[in-house]
Amino acid sequence: MPAIDARLLEILACPEDKGPLLLVDPQTLYNPRLRRAYRIDDGIPVLLVDESRRVDEAEHAELIEKSEGDAAG
């Protein structure tokens with residue numbers, strides 16, 4: 001099953017700051033501005049702030065690298 005359709009990704013926004021999200025893998029959307037990761041369950045983004053998780057500095061760098069790698073490939 002494809003992770004998230006590119007058109008859907010264009011319109012998805014972080015529920016907290018209303019900004020764009022990065023798709024870092026088939027199970028994770030990421031907001032680098034607030035350092036919040038949102039899970040994707042069975043292809044459905046769970047965009048609830050209470051269900052998101054905070055990301056530390058090391059994981060932030062890893063998620064940014066993964067998202068840039070996916071965009072390039």
# chains A, B, ... in the order shown; residues from 1 in each chain; ligands from 1
$ residues_around --residues "A:Asp56" --least-positions-apart "4" --cutoff "9 Å" --atoms "only C-alpha atoms" --output "PyMOL selection string"
chain A and resi 35+60-61
$ write_last_selection --atoms "C-alpha atoms" --output "mmCIF file, in the first residue's frame"
data_model
loop_
_atom_site.group_PDB
_atom_site.id
_atom_site.type_symbol
_atom_site.label_atom_id
_atom_site.label_comp_id
_atom_site.auth_asym_id
_atom_site.auth_seq_id
_atom_site.Cartn_x
_atom_site.Cartn_y
_atom_site.Cartn_z
ATOM 1 C CA ARG A 35 9.432 18.912 16.303
ATOM 2 C CA HIS A 60 15.041 15.605 14.497
ATOM 3 C CA ALA A 61 18.264 15.418 12.468
#
$ select_by_dssp --residues "chain A" --states "helix (DSSP H, G or I)" --output "PyMOL selection string"
chain A and resi 6-11+49-51+57-72
$ closest_residue --among "A:Ile64, A:Ala58, A:Asp25, A:Asp17" --to "A:Gly43" --atoms "only C-alpha atoms"
A:Asp25
$ atom_distance --atom1 "atom CA of A:Ile40" --atom2 "atom CA of A:Leu9"
12.1 Å
$ select_by_dssp --residues "stretch 8-72 of chain A" --states "strand (DSSP E or B)" --output "list of chain:residue names"
A:Leu22, A:Leu23, A:Val24, A:Asp25, A:Thr28, A:Leu29, A:Tyr30, A:Asn31, A:Arg36, A:Ala37, A:Tyr38, A:Arg39, A:Ile40, A:Asp41, A:Ile44, A:Pro45, A:Arg53, A:Arg54
$ write_last_selection --atoms "N, CA and C atoms" --output "PDB file, in the first residue's frame"
ATOM      1  N   LEU A  22       6.245  16.872   6.617  1.00  0.00           N
ATOM      2  CA  LEU A  22       7.160  16.062   5.816  1.00  0.00           C
ATOM      3  C   LEU A  22       6.795  14.599   5.989  1.00  0.00           C
ATOM      4  N   LEU A  23       6.792  13.862   4.901  1.00  0.00           N
ATOM      5  CA  LEU A  23       6.613  12.419   4.963  1.00  0.00           C
ATOM      6  C   LEU A  23       8.004  11.811   5.100  1.00  0.00           C
ATOM      7  N   VAL A  24       8.294  11.210   6.264  1.00  0.00           N
ATOM      8  CA  VAL A  24       9.637  10.679   6.474  1.00  0.00           C
ATOM      9  C   VAL A  24       9.720   9.183   6.242  1.00  0.00           C
ATOM     10  N   ASP A  25       8.616   8.494   6.373  1.00  0.00           N
ATOM     11  CA  ASP A  25       8.532   7.067   6.046  1.00  0.00           C
ATOM     12  C   ASP A  25       7.052   6.704   5.955  1.00  0.00           C
ATOM     13  N   THR A  28       5.131   7.756   9.213  1.00  0.00           N
ATOM     14  CA  THR A  28       5.393   8.986   9.967  1.00  0.00           C
ATOM     15  C   THR A  28       5.316  10.248   9.118  1.00  0.00           C
ATOM     16  N   LEU A  29       4.554  11.225   9.618  1.00  0.00           N
ATOM     17  CA  LEU A  29       4.573  12.595   9.115  1.00  0.00           C
ATOM     18  C   LEU A  29       5.265  13.431  10.184  1.00  0.00           C
ATOM     19  N   TYR A  30       6.019  14.451   9.743  1.00  0.00           N
ATOM     20  CA  TYR A  30       6.818  15.211  10.697  1.00  0.00           C
ATOM     21  C   TYR A  30       6.698  16.706  10.479  1.00  0.00           C
ATOM     22  N   ASN A  31       6.552  17.439  11.587  1.00  0.00           N
ATOM     23  CA  ASN A  31       6.578  18.894  11.568  1.00  0.00           C
ATOM     24  C   ASN A  31       7.911  19.327  12.173  1.00  0.00           C
ATOM     25  N   ARG A  36       7.348  17.750  16.056  1.00  0.00           N
ATOM     26  CA  ARG A  36       6.296  16.802  16.390  1.00  0.00           C
ATOM     27  C   ARG A  36       6.184  15.771  15.274  1.00  0.00           C
ATOM     28  N   ALA A  37       6.081  14.514  15.663  1.00  0.00           N
ATOM     29  CA  ALA A  37       5.893  13.423  14.710  1.00  0.00           C
ATOM     30  C   ALA A  37       4.470  12.891  14.862  1.00  0.00           C
ATOM     31  N   TYR A  38       3.825  12.668  13.728  1.00  0.00           N
ATOM     32  CA  TYR A  38       2.465  12.139  13.689  1.00  0.00           C
ATOM     33  C   TYR A  38       2.502  10.778  13.006  1.00  0.00           C
ATOM     34  N   ARG A  39       1.838   9.815  13.579  1.00  0.00           N
ATOM     35  CA  ARG A  39       1.852   8.475  13.003  1.00  0.00           C
ATOM     36  C   ARG A  39       0.825   8.357  11.887  1.00  0.00           C
ATOM     37  N   ILE A  40       1.058   7.361  11.048  1.00  0.00           N
ATOM     38  CA  ILE A  40       0.122   7.007   9.982  1.00  0.00           C
ATOM     39  C   ILE A  40      -0.297   5.570  10.253  1.00  0.00           C
ATOM     40  N   ASP A  41      -1.587   5.355  10.494  1.00  0.00           N
ATOM     41  CA  ASP A  41      -2.126   4.018  10.771  1.00  0.00           C
ATOM     42  C   ASP A  41      -2.884   3.510   9.554  1.00  0.00           C
ATOM     43  N   ILE A  44      -3.722   6.025   7.071  1.00  0.00           N
ATOM     44  CA  ILE A  44      -4.519   7.165   7.523  1.00  0.00           C
ATOM     45  C   ILE A  44      -3.701   7.997   8.513  1.00  0.00           C
ATOM     46  N   PRO A  45      -3.402   9.260   8.173  1.00  0.00           N
ATOM     47  CA  PRO A  45      -2.650  10.109   9.097  1.00  0.00           C
ATOM     48  C   PRO A  45      -3.464  10.403  10.361  1.00  0.00           C
ATOM     49  N   ARG A  53       4.018  12.885  18.951  1.00  0.00           N
ATOM     50  CA  ARG A  53       5.090  12.741  19.937  1.00  0.00           C
ATOM     51  C   ARG A  53       6.157  13.791  19.671  1.00  0.00           C
ATOM     52  N   ARG A  54       6.762  14.248  20.754  1.00  0.00           N
ATOM     53  CA  ARG A  54       7.859  15.215  20.669  1.00  0.00           C
ATOM     54  C   ARG A  54       9.117  14.500  20.197  1.00  0.00           C
TER      55      ARG A  54
END
$ atom_distance --atom1 "atom CA of A:Glu62" --atom2 "atom CA of A:Asp42"
23.2 Å
$ atom_distance --atom1 "atom CA of A:Leu8" --atom2 "atom CA of A:Glu57"
28.0 Å
